[in-house]
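Encoded as structure tokens, the structure appears first; notes follow it.
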Amino acid sequence: MTDFDHADDFQATALALGQPKIQYAPLAFADKPVTFSITLPQGSALQALAVRYKADDVVTEDITVKYHGGQVTFTPVGLGEHELLLTLADGRQDMAVFNVTAAIDQVIQRRTQWLTDHAYLGAEGKPAYAFGPISNQGESLGKLSFILQSNLLQPTADTARQVEAVEASAVHYVRNKWFQNGDFTQPVNLYGDFYRDMDFEYIGHIYYLLSKCPAEWLHLESAKTYLQWAAQVFELRVDPEMHTIQRGKEEAQMLGVYFLYINDLLHDLKDKGLTEEYTVINTCWQRAVQRVAKDSPQYKAAITEHFYDNAGFGPATGALAASDSLAAARRYAELLKANIGFSNDFRAQAPDRWWEAQSYMIHALWGGIVAASALMAYEHLGDAELLEGAYRATVGVLYMYDANATTIDRPMTPGEAASTYSIAGPNLNRPDLSRNRFGQSAFAKDGGIFSRLFPEGDTGAADWDMGEEMAAYLTGFGQKTYVYVDDANQLHVVNGQAEKVAADHYRITSDAPYIHEYLNVPYHQTLQTTAAEVTYSIQDGFSA
């Protein structure tokens, strides 16, 4: 056993102790080649390379002949988890686990269609116009924002029906469930004798995205009305003076996932002449981030109801970056790096919360929010570790939507999703959850606090608090590909690939499902385009 200081040190130390170093992109796509770079320990020789995957049975393909100059490139067959198995001449073996997925735009469109077909209860539902599974928590409304965000990026033949369902739910169900008689200044005590102020940031996001929709998509209210509603809900979310109970006053000053869209909301309020609303919200926003920045040496925003929690330091990092409080953002960003971690198993890039007490897990919502926070911090700080970590964490979150996974006991049909995945195998606390995907209500049978959190027991609904993380993905890696140059002047591409075509000229291919922008953040080089392939020069930047 030996110590190490950081990921590079870990890999160098492991290599010196005889462990091969295997490097590869964390996500692979069907019918696209993948490349693995392999550094062998000194004095070692490669005997064989094989890739294993599951079809009807486990298939093993020998790819040793494709190994040249420390690299092996091959096109994976089949979907789901794959294992690269490396055998050294002395008989020792190592492996890397990676996932092969269908095109992400297909996953997104199947999910939005599934939600509209299966989760939306409609006018005759109980309750009417809701999206199931039903929950009092605002997190459950993230699926509405996801549907809107995906359609705003890429309208489809199903857009009219999907937006109509979300609009009806936002007007008829959400407004009247969370607010007395639909009055945005009068929240309903959905939790017995209190309400959660954090719920309102999810509601505000829905109304804000509705305000971005073209007029022909809307049938109940105008885009301007939805922008006004978003402002009213958001004022309640961030203004302590609007609350009469102490809990509401305190929660109004807490940061939350609204860092994802606060700057866009403020811009539109100002642009549409809603000056009073802009002033109130901006004042509260600035006050909140200034307080968090001031307290950043003590990491106070890392403390939530679960004590040390990425639901605290994730949004704190994103908010501080979004407000250009860079010194404080840099402090909190170190927690994101540690929270994401590093591994040669794509599933282990998994920021999680209090589920750690049960087992090491991916939680889709908070894993996705941490990934989005790390990406936003990267765009302001230029720290490549944040960019790489954000992408690794994103790949783990996308796994929660992957119907082609082959190693789990609970398969999903295309369009289904699960909020939680137990990475540990075996999970000694709950053996039935080992390497499995499920909803949080699965813990109800454990009793204690879980029985109070889920009094209805295990509902079997695996996706009740999902969606906001995919809305976040769609504003980041869903439409952006990044390049950067390391200290050795080597080009790296995140969410895409690079092919060198001439001296200082590269062909960059994007993996973003709805590409809109290519960026080299440290060099301040950007290109806005929907082209899936562009040319890049370190000296001159991007060109179409």
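Note on naming: chains are A, B, ... as they come in the structure tokens, residues start from 1 per chain, ligands start from 1 in the order shown.
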- Message: Show me, as number ranges by chain, the residues that have an atom within 8 Å of A:Phe342 when counting only C-alpha atoms, minus same-chain residues fewer than 2 positions from it.
- Response: A: 7, 340, 344, 348-349, 389
For the residues selected in the previous step, produce a file with C-alpha atoms as a short mmCIF file (atom, residue, chain, number, x, y, z; two decimals), in the first residue's frame.
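Contents of the output file out.cif:
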data_model
loop_
_atom_site.label_atom_id
_atom_site.label_comp_id
_atom_site.auth_asym_id
_atom_site.auth_seq_id
_atom_site.Cartn_x
_atom_site.Cartn_y
_atom_site.Cartn_z
CA ALA A 7 -5.32 11.13 -10.10
CA ILE A 340 -16.87 12.76 -8.83
CA ASN A 344 -11.82 2.80 -15.08
CA ALA A 348 -18.12 4.85 -10.70
CA GLN A 349 -18.05 8.49 -11.86
CA GLY A 389 -14.85 15.28 -14.32
#
Write out as JSON lines a residue-level contact list of stretch 257-365 of chain A versus stretch 89-96 of chain A with cut-off 10 Å: for each qualifying residue the closest pair of atoms and the distance in Å to one decimal, counting only C-alpha atoms, rows sorted by chain and residue number upward.
{"residue": "A:Ser343", "atom": "CA", "partner": "A:Ala96", "partner_atom": "CA", "distance": 9.1}
{"residue": "A:Asn344", "atom": "CA", "partner": "A:Ala96", "partner_atom": "CA", "distance": 5.4}
{"residue": "A:Asp345", "atom": "CA", "partner": "A:Ala96", "partner_atom": "CA", "distance": 6.4}
{"residue": "A:Phe346", "atom": "CA", "partner": "A:Ala96", "partner_atom": "CA", "distance": 8.9}
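The closest residue to A:Arg111, picked from A:Ala322, A:Leu433, A:Leu144, A:Leu46 and counting only C-alpha atoms, is A:Leu144.
Residue nearest A:Ile134, chosen from A:Ile38, A:Leu121, A:Ala55, A:Ala252 and counting only C-alpha atoms: A:Leu121.
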- Item | Shell around stretch 236-239 of chain A at 6 Å using only C-alpha atoms, local window under 5 positions removed, as a PyMOL selection string | chain A and resi 197+200+252+284
Give me a file of those residues, with N, CA and C atoms, as a PDB file, in the first residue's frame.
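Saved as part36.pdb:
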ATOM      1  N   ASP A 197     -39.382  25.685   0.295  1.00  0.00           N
ATOM      2  CA  ASP A 197     -39.139  26.779  -0.633  1.00  0.00           C
ATOM      3  C   ASP A 197     -38.355  26.305  -1.851  1.00  0.00           C
ATOM      4  N   PHE A 200     -39.932  25.593  -5.361  1.00  0.00           N
ATOM      5  CA  PHE A 200     -40.374  26.641  -6.285  1.00  0.00           C
ATOM      6  C   PHE A 200     -39.375  26.895  -7.417  1.00  0.00           C
ATOM      7  N   ALA A 252     -35.168  30.551   1.643  1.00  0.00           N
ATOM      8  CA  ALA A 252     -35.122  31.521   0.546  1.00  0.00           C
ATOM      9  C   ALA A 252     -33.698  32.022   0.310  1.00  0.00           C
ATOM     10  N   CYS A 284     -31.804  39.872  -4.511  1.00  0.00           N
ATOM     11  CA  CYS A 284     -31.771  38.688  -3.652  1.00  0.00           C
ATOM     12  C   CYS A 284     -30.694  37.705  -4.097  1.00  0.00           C
TER      13      CYS A 284
END
- If you run DSSP on the backbone, which residues of stretch 398-480 of chain A are strand (DSSP E or B), as an NGL selection string? :A and (420-422 or 437-438 or 480)
Deliver the residues from the most recent selection as a file, using N, CA and C atoms, as a short mmCIF file (atom, residue, chain, number, x, y, z; two decimals), in the first residue's frame.
data_model
loop_
_atom_site.label_atom_id
_atom_site.label_comp_id
_atom_site.auth_asym_id
_atom_site.auth_seq_id
_atom_site.Cartn_x
_atom_site.Cartn_y
_atom_site.Cartn_z
N THR A 420 -31.81 5.82 -9.36
CA THR A 420 -30.71 5.40 -8.51
C THR A 420 -30.11 4.09 -9.02
N TYR A 421 -28.78 3.97 -8.91
CA TYR A 421 -28.09 2.75 -9.31
C TYR A 421 -27.06 2.41 -8.24
N SER A 422 -27.15 1.21 -7.70
CA SER A 422 -26.20 0.76 -6.68
C SER A 422 -24.98 0.18 -7.37
N ARG A 437 -30.66 -0.91 -10.73
CA ARG A 437 -31.28 0.42 -10.82
C ARG A 437 -32.69 0.34 -10.21
N PHE A 438 -33.07 1.43 -9.53
CA PHE A 438 -34.32 1.41 -8.79
C PHE A 438 -34.71 2.83 -8.41
N LYS A 480 -22.78 21.25 -26.63
CA LYS A 480 -21.43 21.85 -26.65
C LYS A 480 -20.35 20.77 -26.71
#
- Message: Which of stretch 107-295 of chain A end up as helix (DSSP H, G or I) when DSSP is run on this backbone - answer as a VMD selection string?
- Response: chain A and resid 107 to 119 138 to 153 159 to 178 180 to 182 199 to 211 215 to 217 223 to 238 240 to 242 246 to 252 257 to 260 262 to 271 275 to 294
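If you count only C-alpha atoms and ignore residues fewer than 3 places along the chain from stretch 18-26 of chain A, what sits within 7 Å of it is Gln11, Ala14, Leu15, Thr35, Phe36, Ser37, Ile38, Thr39, Leu40, Pro41, Phe98, Phe346, Arg392 and Val395 of chain A.
Between atom CA of A:Glu388 and atom CA of A:Ile262 the interatomic distance comes to 24.6 Å.
The nearest approach to A:Pro522 among the residues A:Asp271, A:Asp486, A:Asp105, A:Glu334, with only C-alpha atoms taken into account, belongs to A:Asp486.
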Do you know which residues are at most 12 Å from A:Asn176 counting only C-alpha atoms, after dropping those on the same chain fewer than 3 positions away, and could you put them as a PDB file with C-alpha atoms, in the first residue's frame?
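Writing done, so here's selection05.pdb:
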ATOM      1  CA  PRO A 127     -54.931  14.023 -10.119  1.00  0.00           C
ATOM      2  CA  ALA A 128     -55.825  15.577 -13.444  1.00  0.00           C
ATOM      3  CA  TYR A 129     -53.055  16.821 -15.738  1.00  0.00           C
ATOM      4  CA  ALA A 130     -50.235  15.530 -13.508  1.00  0.00           C
ATOM      5  CA  ALA A 168     -51.757  21.887 -19.227  1.00  0.00           C
ATOM      6  CA  SER A 169     -49.915  20.343 -16.271  1.00  0.00           C
ATOM      7  CA  ALA A 170     -48.163  23.630 -15.407  1.00  0.00           C
ATOM      8  CA  VAL A 171     -51.401  25.645 -15.504  1.00  0.00           C
ATOM      9  CA  HIS A 172     -54.010  23.238 -14.135  1.00  0.00           C
ATOM     10  CA  TYR A 173     -52.025  20.939 -11.840  1.00  0.00           C
ATOM     11  CA  PHE A 179     -50.221  27.568  -4.356  1.00  0.00           C
ATOM     12  CA  GLN A 180     -53.496  28.452  -2.665  1.00  0.00           C
ATOM     13  CA  ASN A 181     -56.056  29.222  -5.376  1.00  0.00           C
ATOM     14  CA  GLY A 182     -53.151  29.630  -7.792  1.00  0.00           C
ATOM     15  CA  ASP A 183     -51.801  32.662  -5.886  1.00  0.00           C
ATOM     16  CA  PHE A 184     -48.013  32.589  -6.256  1.00  0.00           C
ATOM     17  CA  GLN A 186     -49.469  31.892  -0.957  1.00  0.00           C
ATOM     18  CA  PRO A 187     -47.725  28.501  -0.896  1.00  0.00           C
ATOM     19  CA  VAL A 188     -49.590  25.389   0.263  1.00  0.00           C
ATOM     20  CA  LEU A 190     -47.756  20.184   1.380  1.00  0.00           C
ATOM     21  CA  ILE A 203     -41.718  25.351 -10.829  1.00  0.00           C
TER      22      ILE A 203
END
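Nearest residue to A:Ala316, choosing from A:Ala405, A:Ile281, A:Leu84, A:Ala374 and counting only C-alpha atoms: A:Ala374.
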